[in-house]
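Asker: Structure file target.pdb, PDB, C-alpha atoms, pLDDT in the B column, is pasted below:
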```
ATOM      1  CA  MET A   1       0.000   0.000   0.000  1.00 54.00           C
ATOM      2  CA  LYS A   2       1.306   3.416  -0.824  1.00 57.00           C
ATOM      3  CA  TYR A   3       1.824   6.159   1.750  1.00 55.00           C
ATOM      4  CA  GLY A   4      -1.155   8.216   0.440  1.00 56.00           C
ATOM      5  CA  GLN A   5      -3.528   5.281   0.660  1.00 60.00           C
ATOM      6  CA  LYS A   6      -2.445   4.522   4.252  1.00 59.00           C
ATOM      7  CA  SER A   7      -3.148   8.067   5.387  1.00 58.00           C
ATOM      8  CA  ILE A   8      -6.573   8.058   3.695  1.00 62.00           C
ATOM      9  CA  SER A   9      -7.418   4.706   5.321  1.00 55.00           C
ATOM     10  CA  LEU A  10      -6.252   5.972   8.706  1.00 52.00           C
ATOM     11  CA  THR A  11      -8.207   9.213   8.318  1.00 55.00           C
ATOM     12  CA  LEU A  12     -11.371   7.334   7.315  1.00 52.00           C
ATOM     13  CA  GLY A  13     -10.933   4.916  10.212  1.00 54.00           C
ATOM     14  CA  LEU A  14     -10.561   7.753  12.708  1.00 50.00           C
ATOM     15  CA  ALA A  15     -13.523   9.586  11.182  1.00 55.00           C
ATOM     16  CA  LEU A  16     -15.696   6.510  11.694  1.00 53.00           C
ATOM     17  CA  LEU A  17     -14.459   5.851  15.250  1.00 52.00           C
ATOM     18  CA  ALA A  18     -14.624   9.454  16.517  1.00 51.00           C
ATOM     19  CA  PRO A  19     -18.449   9.635  16.786  1.00 52.00           C
ATOM     20  CA  LEU A  20     -18.497   6.281  18.567  1.00 46.00           C
ATOM     21  CA  LEU A  21     -15.909   7.431  21.103  1.00 44.00           C
ATOM     22  CA  LEU A  22     -17.757  10.720  21.658  1.00 43.00           C
ATOM     23  CA  PHE A  23     -21.055   8.854  22.069  1.00 44.00           C
ATOM     24  CA  GLN A  24     -19.567   6.564  24.701  1.00 45.00           C
ATOM     25  CA  ALA A  25     -18.043   9.493  26.587  1.00 44.00           C
ATOM     26  CA  GLY A  26     -21.420  11.286  26.597  1.00 51.00           C
ATOM     27  CA  CYS A  27     -23.273   8.183  27.839  1.00 57.00           C
ATOM     28  CA  LYS A  28     -21.207   7.636  30.963  1.00 71.00           C
ATOM     29  CA  SER A  29     -23.533   6.446  33.712  1.00 79.00           C
ATOM     30  CA  MET A  30     -23.578   8.068  37.134  1.00 84.00           C
ATOM     31  CA  THR A  31     -21.821   6.415  40.077  1.00 90.00           C
ATOM     32  CA  ASP A  32     -23.704   5.390  43.218  1.00 91.00           C
ATOM     33  CA  GLN A  33     -22.273   8.378  45.097  1.00 93.00           C
ATOM     34  CA  GLU A  34     -23.246  10.813  42.309  1.00 92.00           C
ATOM     35  CA  ILE A  35     -26.817   9.500  42.319  1.00 93.00           C
ATOM     36  CA  LYS A  36     -27.159   9.804  46.104  1.00 93.00           C
ATOM     37  CA  ALA A  37     -25.651  13.308  46.021  1.00 94.00           C
ATOM     38  CA  ALA A  38     -28.033  14.397  43.241  1.00 94.00           C
ATOM     39  CA  MET A  39     -31.267  13.496  45.064  1.00 95.00           C
ATOM     40  CA  GLU A  40     -32.947  14.001  48.401  1.00 96.00           C
ATOM     41  CA  ILE A  41     -35.912  11.740  49.108  1.00 96.00           C
ATOM     42  CA  GLU A  42     -38.826  12.675  51.370  1.00 96.00           C
ATOM     43  CA  LEU A  43     -41.328  10.147  52.678  1.00 96.00           C
ATOM     44  CA  LEU A  44     -44.926  11.326  52.331  1.00 96.00           C
ATOM     45  CA  ASP A  45     -46.935   8.238  53.343  1.00 96.00           C
ATOM     46  CA  THR A  46     -47.014   4.466  53.717  1.00 97.00           C
ATOM     47  CA  LYS A  47     -50.250   2.511  53.927  1.00 95.00           C
ATOM     48  CA  TRP A  48     -52.151  -0.548  52.742  1.00 93.00           C
ATOM     49  CA  VAL A  49     -54.715  -0.333  49.933  1.00 93.00           C
ATOM     50  CA  ALA A  50     -57.125  -2.803  48.375  1.00 90.00           C
ATOM     51  CA  LYS A  51     -55.879  -4.654  45.329  1.00 89.00           C
ATOM     52  CA  GLU A  52     -58.931  -6.909  45.127  1.00 86.00           C
ATOM     53  CA  TYR A  53     -62.254  -6.759  46.920  1.00 84.00           C
ATOM     54  CA  LYS A  54     -65.376  -8.797  46.364  1.00 82.00           C
ATOM     55  CA  VAL A  55     -68.214  -9.630  48.684  1.00 80.00           C
ATOM     56  CA  TRP A  56     -70.075 -12.213  46.684  1.00 80.00           C
ATOM     57  CA  PRO A  57     -70.088 -15.163  45.988  1.00 84.00           C
ATOM     58  CA  ASN A  58     -66.912 -15.783  48.038  1.00 83.00           C
ATOM     59  CA  ALA A  59     -65.720 -12.830  50.052  1.00 83.00           C
ATOM     60  CA  LYS A  60     -62.118 -11.827  49.364  1.00 88.00           C
ATOM     61  CA  LEU A  61     -60.031  -8.807  50.303  1.00 89.00           C
ATOM     62  CA  THR A  62     -56.396  -8.455  49.252  1.00 90.00           C
ATOM     63  CA  LEU A  63     -54.436  -5.564  50.752  1.00 92.00           C
ATOM     64  CA  VAL A  64     -51.094  -4.451  49.332  1.00 94.00           C
ATOM     65  CA  PRO A  65     -48.519  -2.071  50.828  1.00 95.00           C
ATOM     66  CA  THR A  66     -47.740   1.265  49.184  1.00 96.00           C
ATOM     67  CA  VAL A  67     -45.206   4.029  49.685  1.00 97.00           C
ATOM     68  CA  THR A  68     -45.536   7.628  48.485  1.00 97.00           C
ATOM     69  CA  PHE A  69     -42.503   9.912  48.357  1.00 97.00           C
ATOM     70  CA  ARG A  70     -41.018  12.748  46.377  1.00 97.00           C
ATOM     71  CA  VAL A  71     -37.500  13.576  45.245  1.00 97.00           C
ATOM     72  CA  LYS A  72     -35.625  16.887  45.340  1.00 97.00           C
ATOM     73  CA  ASN A  73     -33.029  17.597  42.673  1.00 97.00           C
ATOM     74  CA  LEU A  74     -29.803  18.635  44.438  1.00 97.00           C
ATOM     75  CA  SER A  75     -27.728  18.681  41.246  1.00 95.00           C
ATOM     76  CA  SER A  76     -27.110  21.523  38.792  1.00 96.00           C
ATOM     77  CA  LYS A  77     -28.773  19.651  35.895  1.00 94.00           C
ATOM     78  CA  PRO A  78     -32.441  18.641  35.388  1.00 95.00           C
ATOM     79  CA  LEU A  79     -33.297  15.113  36.546  1.00 94.00           C
ATOM     80  CA  THR A  80     -34.681  13.033  33.698  1.00 93.00           C
ATOM     81  CA  TYR A  81     -35.119   9.356  32.974  1.00 93.00           C
ATOM     82  CA  VAL A  82     -35.229   8.293  36.601  1.00 95.00           C
ATOM     83  CA  ASN A  83     -36.630   4.870  37.525  1.00 96.00           C
ATOM     84  CA  PHE A  84     -37.628   3.667  40.968  1.00 97.00           C
ATOM     85  CA  ASN A  85     -37.996   0.131  42.267  1.00 97.00           C
ATOM     86  CA  GLY A  86     -39.780  -0.577  45.542  1.00 97.00           C
ATOM     87  CA  ILE A  87     -39.101  -3.916  47.241  1.00 96.00           C
ATOM     88  CA  PHE A  88     -41.627  -4.803  49.964  1.00 96.00           C
ATOM     89  CA  LYS A  89     -40.676  -7.512  52.443  1.00 94.00           C
ATOM     90  CA  ASN A  90     -40.783  -8.576  56.052  1.00 90.00           C
ATOM     91  CA  LYS A  91     -37.469  -7.991  57.771  1.00 83.00           C
ATOM     92  CA  ASP A  92     -37.150 -11.681  58.723  1.00 83.00           C
ATOM     93  CA  ASP A  93     -38.336 -13.182  55.412  1.00 86.00           C
ATOM     94  CA  VAL A  94     -35.996 -14.368  52.690  1.00 87.00           C
ATOM     95  CA  GLU A  95     -38.444 -13.691  49.858  1.00 90.00           C
ATOM     96  CA  ASN A  96     -40.089 -10.405  48.949  1.00 91.00           C
ATOM     97  CA  LEU A  97     -43.802  -9.891  49.511  1.00 90.00           C
ATOM     98  CA  GLY A  98     -43.881  -7.933  46.268  1.00 93.00           C
ATOM     99  CA  ASP A  99     -42.357  -5.096  44.312  1.00 95.00           C
ATOM    100  CA  GLN A 100     -42.982  -2.430  41.696  1.00 95.00           C
ATOM    101  CA  PHE A 101     -40.684  -0.906  39.093  1.00 96.00           C
ATOM    102  CA  LEU A 102     -41.787   2.541  37.905  1.00 96.00           C
ATOM    103  CA  SER A 103     -40.348   4.876  35.282  1.00 95.00           C
ATOM    104  CA  ALA A 104     -41.393   7.917  37.285  1.00 93.00           C
ATOM    105  CA  ILE A 105     -39.482  10.921  35.959  1.00 93.00           C
ATOM    106  CA  ARG A 106     -39.655  10.990  32.167  1.00 91.00           C
ATOM    107  CA  ASN A 107     -41.250  13.797  30.136  1.00 89.00           C
ATOM    108  CA  LYS A 108     -41.387  16.393  32.925  1.00 93.00           C
ATOM    109  CA  PRO A 109     -37.842  16.821  34.319  1.00 95.00           C
ATOM    110  CA  VAL A 110     -37.232  17.896  37.907  1.00 96.00           C
ATOM    111  CA  LEU A 111     -35.309  21.155  37.711  1.00 97.00           C
ATOM    112  CA  PRO A 112     -32.388  21.928  40.053  1.00 97.00           C
ATOM    113  CA  GLY A 113     -33.642  22.778  43.551  1.00 97.00           C
ATOM    114  CA  GLU A 114     -37.198  21.615  42.759  1.00 97.00           C
ATOM    115  CA  TRP A 115     -39.256  18.707  44.136  1.00 97.00           C
ATOM    116  CA  SER A 116     -40.845  16.032  41.962  1.00 96.00           C
ATOM    117  CA  ASP A 117     -44.554  15.322  41.960  1.00 96.00           C
ATOM    118  CA  PRO A 118     -45.507  12.612  44.498  1.00 97.00           C
ATOM    119  CA  ILE A 119     -44.421   9.132  43.374  1.00 97.00           C
ATOM    120  CA  THR A 120     -46.348   6.076  44.600  1.00 97.00           C
ATOM    121  CA  LEU A 121     -45.028   2.521  44.470  1.00 97.00           C
ATOM    122  CA  LYS A 122     -47.530  -0.272  45.138  1.00 96.00           C
ATOM    123  CA  SER A 123     -46.622  -3.895  45.747  1.00 96.00           C
ATOM    124  CA  ASN A 124     -47.944  -6.375  43.205  1.00 94.00           C
ATOM    125  CA  PHE A 125     -48.662  -8.932  45.958  1.00 92.00           C
ATOM    126  CA  GLY A 126     -50.178  -8.540  49.400  1.00 89.00           C
ATOM    127  CA  VAL A 127     -52.048 -10.200  52.232  1.00 88.00           C
ATOM    128  CA  GLU A 128     -55.456 -11.871  51.828  1.00 88.00           C
ATOM    129  CA  GLY A 129     -58.487 -12.068  54.064  1.00 85.00           C
ATOM    130  CA  LYS A 130     -62.262 -12.037  53.731  1.00 86.00           C
ATOM    131  CA  ARG A 131     -62.890  -8.699  55.430  1.00 84.00           C
ATOM    132  CA  LEU A 132     -60.975  -6.039  57.342  1.00 85.00           C
ATOM    133  CA  ALA A 133     -61.463  -7.718  60.737  1.00 83.00           C
ATOM    134  CA  ASP A 134     -59.593 -10.814  59.448  1.00 83.00           C
ATOM    135  CA  PHE A 135     -56.298  -8.935  59.230  1.00 81.00           C
ATOM    136  CA  GLN A 136     -55.909  -8.633  62.992  1.00 75.00           C
ATOM    137  CA  SER A 137     -55.665 -12.424  63.332  1.00 78.00           C
ATOM    138  CA  ASN A 138     -53.903 -13.136  60.010  1.00 79.00           C
ATOM    139  CA  PRO A 139     -50.343 -14.469  60.621  1.00 80.00           C
ATOM    140  CA  GLN A 140     -49.211 -12.816  57.360  1.00 77.00           C
ATOM    141  CA  TRP A 141     -50.233  -9.377  58.710  1.00 79.00           C
ATOM    142  CA  LYS A 142     -46.749  -8.396  59.899  1.00 83.00           C
ATOM    143  CA  THR A 143     -44.689  -5.257  59.876  1.00 87.00           C
ATOM    144  CA  TYR A 144     -43.256  -4.918  56.394  1.00 93.00           C
ATOM    145  CA  PHE A 145     -40.489  -2.655  55.111  1.00 95.00           C
ATOM    146  CA  VAL A 146     -39.975  -1.037  51.742  1.00 96.00           C
ATOM    147  CA  LYS A 147     -36.589  -0.446  50.149  1.00 96.00           C
ATOM    148  CA  VAL A 148     -36.603   2.203  47.425  1.00 97.00           C
ATOM    149  CA  PHE A 149     -33.935   1.860  44.750  1.00 97.00           C
ATOM    150  CA  VAL A 150     -33.191   4.432  42.048  1.00 96.00           C
ATOM    151  CA  GLN A 151     -31.684   3.895  38.606  1.00 95.00           C
ATOM    152  CA  THR A 152     -30.968   6.519  35.971  1.00 92.00           C
ATOM    153  CA  LYS A 153     -29.372   6.590  32.535  1.00 87.00           C
ATOM    154  CA  GLY A 154     -27.759   3.161  32.626  1.00 87.00           C
ATOM    155  CA  SER A 155     -26.622   3.267  36.234  1.00 90.00           C
ATOM    156  CA  ARG A 156     -26.883   0.433  38.710  1.00 92.00           C
ATOM    157  CA  HIS A 157     -29.885   0.254  41.053  1.00 94.00           C
ATOM    158  CA  VAL A 158     -28.867   2.283  44.117  1.00 94.00           C
ATOM    159  CA  LEU A 159     -30.580   2.008  47.506  1.00 96.00           C
ATOM    160  CA  LEU A 160     -31.983   5.459  48.227  1.00 95.00           C
ATOM    161  CA  ALA A 161     -34.180   4.828  51.292  1.00 95.00           C
ATOM    162  CA  GLU A 162     -35.751   2.180  53.530  1.00 96.00           C
ATOM    163  CA  TRP A 163     -38.880   2.696  55.627  1.00 96.00           C
ATOM    164  CA  PRO A 164     -41.299   0.568  57.660  1.00 96.00           C
ATOM    165  CA  VAL A 165     -44.763   0.337  56.098  1.00 95.00           C
ATOM    166  CA  SER A 166     -47.392   1.561  58.528  1.00 92.00           C
ATOM    167  CA  ARG A 167     -50.371  -0.645  59.323  1.00 89.00           C
ATOM    168  CA  LYS A 168     -52.754   2.111  58.252  1.00 91.00           C
ATOM    169  CA  ILE A 169     -55.414   0.745  55.901  1.00 90.00           C
ATOM    170  CA  ASP A 170     -56.902   3.069  53.307  1.00 88.00           C
ATOM    171  CA  PHE A 171     -60.023   1.048  52.542  1.00 86.00           C
ATOM    172  CA  LYS A 172     -63.656   1.009  53.618  1.00 83.00           C
ATOM    173  CA  GLU A 173     -65.823  -2.075  53.337  1.00 79.00           C
ATOM    174  CA  ASP A 174     -69.224  -1.812  51.719  1.00 75.00           C
ATOM    175  CA  GLN A 175     -72.000  -1.271  54.205  1.00 69.00           C
ATOM    176  CA  PRO A 176     -74.666  -3.998  54.227  1.00 63.00           C
ATOM    177  CA  ALA A 177     -77.866  -3.132  52.439  1.00 59.00           C
ATOM    178  CA  HIS A 178     -80.785  -2.424  54.758  1.00 58.00           C
ATOM    179  CA  GLN A 179     -83.512  -4.988  55.015  1.00 53.00           C
ATOM    180  CA  GLY A 180     -87.123  -3.899  55.487  1.00 52.00           C
ATOM    181  CA  THR A 181     -87.049  -4.270  59.317  1.00 54.00           C
ATOM    182  CA  ASP A 182     -84.176  -1.830  59.942  1.00 53.00           C
ATOM    183  CA  ARG A 183     -85.765   1.140  58.230  1.00 53.00           C
ATOM    184  CA  LYS A 184     -87.206   3.989  60.126  1.00 58.00           C
ATOM    185  CA  GLN A 185     -90.933   3.873  59.657  1.00 58.00           C
ATOM    186  CA  GLU A 186     -92.711   7.062  58.839  1.00 63.00           C
ATOM    187  CA  PRO A 187     -95.727   7.945  60.933  1.00 63.00           C
ATOM    188  CA  VAL A 188     -99.081   7.084  59.432  1.00 64.00           C
ATOM    189  CA  LYS A 189    -101.022  10.160  58.392  1.00 68.00           C
ATOM    190  CA  LYS A 190    -104.588  10.348  59.663  1.00 60.00           C
TER     191      LYS A 190
END
```
In structure tokens, what does this structure look like?

Answerer:
Amino acid sequence: MKYGQKSISLTLGLALLAPLLLFQAGCKSMTDQEIKAAMEIELLDTKWVAKEYKVWPNAKLTLVPTVTFRVKNLSSKPLTYVNFNGIFKNKDDVENLGDQFLSAIRNKPVLPGEWSDPITLKSNFGVEGKRLADFQSNPQWKTYFVKVFVQTKGSRHVLLAEWPVSRKIDFKEDQPAHQGTDRKQEPVKK
């Protein structure tokens, strides 16, 4: 190969590799420490909500734990493409009760110094009973904890917070329909 052809081949090779190298440099994922330093998390609420409720023909009530929080952007750049994963489990159990992965911050970035809208993670599995009163005697009705992990732009999942889930239940059972004998009778007009 002649000297001129070598330099053209080298120039073409570098021209093809340069965008790839620049792309990789621009796509560097954040470290665990950078992620933790970029966000502050504030717990708003934990509670249990109904996933499934039916009275007839076979009564069934399934309650699942939820956590609601918001995130403050402590960095100098807008937060975008942030995913959260909530893992719900009893402290002594090996297996999780349930989890939820949520792509929470997407189209509306959280600007520097601002708080996100409230983010709610709800377990996909819970505890079953027939009615609310059953949960007091249900051996599965324990104190559960939620671990909230964050992942952004190709980073690893980083533990951001861990909280106990309160035993507060945000659910009201249907009231029984009144039969004819329970109604208040109107006085007979004479």

Asker: Using the chain letters and numbers from the file, give me the residues hit by the PyMOL selection byres ((chain A and resi 65-69) around 8), as a PDB file with C-alpha atoms, in the frame of the given file.

Answerer:
```pdb
ATOM      1  CA  ILE A  41     -35.912  11.740  49.108  1.00 96.00           C
ATOM      2  CA  GLU A  42     -38.826  12.675  51.370  1.00 96.00           C
ATOM      3  CA  LEU A  43     -41.328  10.147  52.678  1.00 96.00           C
ATOM      4  CA  LEU A  44     -44.926  11.326  52.331  1.00 96.00           C
ATOM      5  CA  ASP A  45     -46.935   8.238  53.343  1.00 96.00           C
ATOM      6  CA  THR A  46     -47.014   4.466  53.717  1.00 97.00           C
ATOM      7  CA  LYS A  47     -50.250   2.511  53.927  1.00 95.00           C
ATOM      8  CA  TRP A  48     -52.151  -0.548  52.742  1.00 93.00           C
ATOM      9  CA  VAL A  49     -54.715  -0.333  49.933  1.00 93.00           C
ATOM     10  CA  LEU A  63     -54.436  -5.564  50.752  1.00 92.00           C
ATOM     11  CA  VAL A  64     -51.094  -4.451  49.332  1.00 94.00           C
ATOM     12  CA  ARG A  70     -41.018  12.748  46.377  1.00 97.00           C
ATOM     13  CA  VAL A  71     -37.500  13.576  45.245  1.00 97.00           C
ATOM     14  CA  PHE A  88     -41.627  -4.803  49.964  1.00 96.00           C
ATOM     15  CA  PRO A 118     -45.507  12.612  44.498  1.00 97.00           C
ATOM     16  CA  ILE A 119     -44.421   9.132  43.374  1.00 97.00           C
ATOM     17  CA  THR A 120     -46.348   6.076  44.600  1.00 97.00           C
ATOM     18  CA  LEU A 121     -45.028   2.521  44.470  1.00 97.00           C
ATOM     19  CA  LYS A 122     -47.530  -0.272  45.138  1.00 96.00           C
ATOM     20  CA  SER A 123     -46.622  -3.895  45.747  1.00 96.00           C
ATOM     21  CA  GLY A 126     -50.178  -8.540  49.400  1.00 89.00           C
ATOM     22  CA  VAL A 146     -39.975  -1.037  51.742  1.00 96.00           C
ATOM     23  CA  VAL A 165     -44.763   0.337  56.098  1.00 95.00           C
TER      24      VAL A 165
END
```

Asker: Give as number ranges by chain each residue that has an atom at most 10 Å from (-33.0, 16.9, 30.2) in the file, counting only C-alpha atoms.

Answerer: A: 77-81, 106-111

Asker: Can you translate the PyMOL selection byres ((chain A and resi 36) around 12) into the concrete residues it hits in this file, as a list in words?

Answerer: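 Selected by the PyMOL selection byres ((chain A and resi 36) around 12) in this file: Met30, Thr31, Asp32, Gln33, Glu34, Ile35, Ala37, Ala38, Met39, Glu40, Ile41, Val71, Lys72, Asn73, Leu74, Ser75, Phe149, Val150, Gln151, Thr152, Ser155, Arg156, His157, Val158, Leu159, Leu160 and Ala161 of chain A.
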
Asker: Write to file, as a PDB file, in the frame of the given file, the residues of the selection just made, with C-alpha atoms.

Answerer:
```
ATOM      1  CA  MET A  30     -23.578   8.068  37.134  1.00 84.00           C
ATOM      2  CA  THR A  31     -21.821   6.415  40.077  1.00 90.00           C
ATOM      3  CA  ASP A  32     -23.704   5.390  43.218  1.00 91.00           C
ATOM      4  CA  GLN A  33     -22.273   8.378  45.097  1.00 93.00           C
ATOM      5  CA  GLU A  34     -23.246  10.813  42.309  1.00 92.00           C
ATOM      6  CA  ILE A  35     -26.817   9.500  42.319  1.00 93.00           C
ATOM      7  CA  ALA A  37     -25.651  13.308  46.021  1.00 94.00           C
ATOM      8  CA  ALA A  38     -28.033  14.397  43.241  1.00 94.00           C
ATOM      9  CA  MET A  39     -31.267  13.496  45.064  1.00 95.00           C
ATOM     10  CA  GLU A  40     -32.947  14.001  48.401  1.00 96.00           C
ATOM     11  CA  ILE A  41     -35.912  11.740  49.108  1.00 96.00           C
ATOM     12  CA  VAL A  71     -37.500  13.576  45.245  1.00 97.00           C
ATOM     13  CA  LYS A  72     -35.625  16.887  45.340  1.00 97.00           C
ATOM     14  CA  ASN A  73     -33.029  17.597  42.673  1.00 97.00           C
ATOM     15  CA  LEU A  74     -29.803  18.635  44.438  1.00 97.00           C
ATOM     16  CA  SER A  75     -27.728  18.681  41.246  1.00 95.00           C
ATOM     17  CA  PHE A 149     -33.935   1.860  44.750  1.00 97.00           C
ATOM     18  CA  VAL A 150     -33.191   4.432  42.048  1.00 96.00           C
ATOM     19  CA  GLN A 151     -31.684   3.895  38.606  1.00 95.00           C
ATOM     20  CA  THR A 152     -30.968   6.519  35.971  1.00 92.00           C
ATOM     21  CA  SER A 155     -26.622   3.267  36.234  1.00 90.00           C
ATOM     22  CA  ARG A 156     -26.883   0.433  38.710  1.00 92.00           C
ATOM     23  CA  HIS A 157     -29.885   0.254  41.053  1.00 94.00           C
ATOM     24  CA  VAL A 158     -28.867   2.283  44.117  1.00 94.00           C
ATOM     25  CA  LEU A 159     -30.580   2.008  47.506  1.00 96.00           C
ATOM     26  CA  LEU A 160     -31.983   5.459  48.227  1.00 95.00           C
ATOM     27  CA  ALA A 161     -34.180   4.828  51.292  1.00 95.00           C
TER      28      ALA A 161
END
```

Asker: Would you work out the distance separating CA of Phe125 in chain A from CA of Asn96 in chain A, expressed in Å to one decimal?

Answerer: 9.2 Å

Asker: Which of these, A:Ile87, A:Thr62, A:Gly113, A:Phe101, has the shortest distance to Gln140 in chain A once you count all atoms listed in the file?

Answerer: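 Among the listed residues, A:Thr62 lies closest to Gln140 in chain A.
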
Asker: Could you spell out the hits of the PyMOL selection byres ((chain A and resi 83) around 6) on the shown file, as a list in words?

Answerer: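 Taken over the shown coordinates, the PyMOL selection byres ((chain A and resi 83) around 6) returns Val82, Phe84, Leu102, Ser103, Ala104, Val150 and Gln151 of chain A.
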
Asker: Could the residues in this selection be saved with C-alpha atoms as an mmCIF file, in the coordinates of the input?

Answerer:
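result-v4.cif written:
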```cif
data_model
loop_
_atom_site.group_PDB
_atom_site.id
_atom_site.type_symbol
_atom_site.label_atom_id
_atom_site.label_comp_id
_atom_site.auth_asym_id
_atom_site.auth_seq_id
_atom_site.Cartn_x
_atom_site.Cartn_y
_atom_site.Cartn_z
ATOM 1 C CA VAL A 82 -35.229 8.293 36.601
ATOM 2 C CA PHE A 84 -37.628 3.667 40.968
ATOM 3 C CA LEU A 102 -41.787 2.541 37.905
ATOM 4 C CA SER A 103 -40.348 4.876 35.282
ATOM 5 C CA ALA A 104 -41.393 7.917 37.285
ATOM 6 C CA VAL A 150 -33.191 4.432 42.048
ATOM 7 C CA GLN A 151 -31.684 3.895 38.606
#
```

Asker: Ranking A:Lys168, A:Gly86, A:Ile105, A:Glu95 by minimum distance to Leu132 in chain A and counting all atoms listed in the file, which one comes first?

Answerer: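 The answer is A:Lys168, which sits nearest to Leu132 in chain A.
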
Asker: Which is closest to Asn85 in chain A among A:Lys147, A:Leu61, A:Trp163, A:Asp174, if we use all atoms listed in the file?

Answerer: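 Of the candidates, the smallest distance to Asn85 in chain A is held by A:Lys147.
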
Asker: Record the distance separating CA of Ser166 in chain A and CA of Ala59 in chain A, expressed in Å with one decimal.

Answerer: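 Spanning CA of Ser166 in chain A to CA of Ala59 in chain A is a straight-line distance of 24.8 Å.
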
Asker: Out of A:Lys130, A:Arg167, A:Lys54, A:Lys28, which residue has the shortest atom-to-atom distance to Phe145 in chain A when counting only C-alpha atoms?

Answerer: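 For Phe145 in chain A, the nearest of the candidates is A:Arg167.
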
Asker: Since the input has fewer atoms than a full residue there, write range 48-67 of chain A out with N, CA and C atoms, as a PDB file, in the coordinates of the input.

Answerer:
```pdb
ATOM      1  N   TRP A  48     -51.671   0.629  53.451  1.00 93.00           N
ATOM      2  CA  TRP A  48     -52.151  -0.548  52.742  1.00 93.00           C
ATOM      3  C   TRP A  48     -53.420  -0.160  51.995  1.00 93.00           C
ATOM      4  N   VAL A  49     -53.537  -0.615  50.752  1.00 93.00           N
ATOM      5  CA  VAL A  49     -54.715  -0.333  49.933  1.00 93.00           C
ATOM      6  C   VAL A  49     -55.254  -1.639  49.360  1.00 93.00           C
ATOM      7  N   ALA A  50     -56.500  -1.598  48.938  1.00 90.00           N
ATOM      8  CA  ALA A  50     -57.125  -2.803  48.375  1.00 90.00           C
ATOM      9  C   ALA A  50     -56.643  -3.032  46.950  1.00 90.00           C
ATOM     10  N   LYS A  51     -56.204  -4.242  46.693  1.00 89.00           N
ATOM     11  CA  LYS A  51     -55.879  -4.654  45.329  1.00 89.00           C
ATOM     12  C   LYS A  51     -57.088  -5.362  44.731  1.00 89.00           C
ATOM     13  N   GLU A  52     -57.756  -6.160  45.578  1.00 86.00           N
ATOM     14  CA  GLU A  52     -58.931  -6.909  45.127  1.00 86.00           C
ATOM     15  C   GLU A  52     -59.935  -6.949  46.263  1.00 86.00           C
ATOM     16  N   TYR A  53     -61.186  -6.695  45.920  1.00 84.00           N
ATOM     17  CA  TYR A  53     -62.254  -6.759  46.920  1.00 84.00           C
ATOM     18  C   TYR A  53     -63.519  -7.261  46.252  1.00 84.00           C
ATOM     19  N   LYS A  54     -64.078  -8.315  46.825  1.00 82.00           N
ATOM     20  CA  LYS A  54     -65.376  -8.797  46.364  1.00 82.00           C
ATOM     21  C   LYS A  54     -66.114  -9.376  47.556  1.00 82.00           C
ATOM     22  N   VAL A  55     -67.396  -9.166  47.576  1.00 80.00           N
ATOM     23  CA  VAL A  55     -68.214  -9.630  48.684  1.00 80.00           C
ATOM     24  C   VAL A  55     -68.926 -10.929  48.332  1.00 80.00           C
ATOM     25  N   TRP A  56     -69.264 -11.080  47.088  1.00 80.00           N
ATOM     26  CA  TRP A  56     -70.075 -12.213  46.684  1.00 80.00           C
ATOM     27  C   TRP A  56     -69.497 -12.830  45.425  1.00 80.00           C
ATOM     28  N   PRO A  57     -69.523 -14.083  45.196  1.00 84.00           N
ATOM     29  CA  PRO A  57     -70.088 -15.163  45.988  1.00 84.00           C
ATOM     30  C   PRO A  57     -69.154 -15.595  47.124  1.00 84.00           C
ATOM     31  N   ASN A  58     -67.862 -15.451  46.971  1.00 83.00           N
ATOM     32  CA  ASN A  58     -66.912 -15.783  48.038  1.00 83.00           C
ATOM     33  C   ASN A  58     -66.154 -14.514  48.404  1.00 83.00           C
ATOM     34  N   ALA A  59     -66.347 -14.081  49.626  1.00 83.00           N
ATOM     35  CA  ALA A  59     -65.720 -12.830  50.052  1.00 83.00           C
ATOM     36  C   ALA A  59     -64.194 -12.934  49.963  1.00 83.00           C
ATOM     37  N   LYS A  60     -63.574 -11.851  49.476  1.00 88.00           N
ATOM     38  CA  LYS A  60     -62.118 -11.827  49.364  1.00 88.00           C
ATOM     39  C   LYS A  60     -61.657 -10.367  49.401  1.00 88.00           C
ATOM     40  N   LEU A  61     -60.651 -10.126  50.218  1.00 89.00           N
ATOM     41  CA  LEU A  61     -60.031  -8.807  50.303  1.00 89.00           C
ATOM     42  C   LEU A  61     -58.521  -9.014  50.292  1.00 89.00           C
ATOM     43  N   THR A  62     -57.854  -8.411  49.319  1.00 90.00           N
ATOM     44  CA  THR A  62     -56.396  -8.455  49.252  1.00 90.00           C
ATOM     45  C   THR A  62     -55.876  -7.041  49.445  1.00 90.00           C
ATOM     46  N   LEU A  63     -55.068  -6.852  50.483  1.00 92.00           N
ATOM     47  CA  LEU A  63     -54.436  -5.564  50.752  1.00 92.00           C
ATOM     48  C   LEU A  63     -52.974  -5.618  50.352  1.00 92.00           C
ATOM     49  N   VAL A  64     -52.495  -4.538  49.743  1.00 94.00           N
ATOM     50  CA  VAL A  64     -51.094  -4.451  49.332  1.00 94.00           C
ATOM     51  C   VAL A  64     -50.468  -3.191  49.932  1.00 94.00           C
ATOM     52  N   PRO A  65     -49.188  -3.254  50.282  1.00 95.00           N
ATOM     53  CA  PRO A  65     -48.519  -2.071  50.828  1.00 95.00           C
ATOM     54  C   PRO A  65     -48.142  -1.080  49.733  1.00 95.00           C
ATOM     55  N   THR A  66     -48.162   0.206  50.098  1.00 96.00           N
ATOM     56  CA  THR A  66     -47.740   1.265  49.184  1.00 96.00           C
ATOM     57  C   THR A  66     -46.831   2.242  49.921  1.00 96.00           C
ATOM     58  N   VAL A  67     -46.030   2.945  49.150  1.00 97.00           N
ATOM     59  CA  VAL A  67     -45.206   4.029  49.685  1.00 97.00           C
ATOM     60  C   VAL A  67     -45.323   5.210  48.724  1.00 97.00           C
TER      61      VAL A  67
END
```
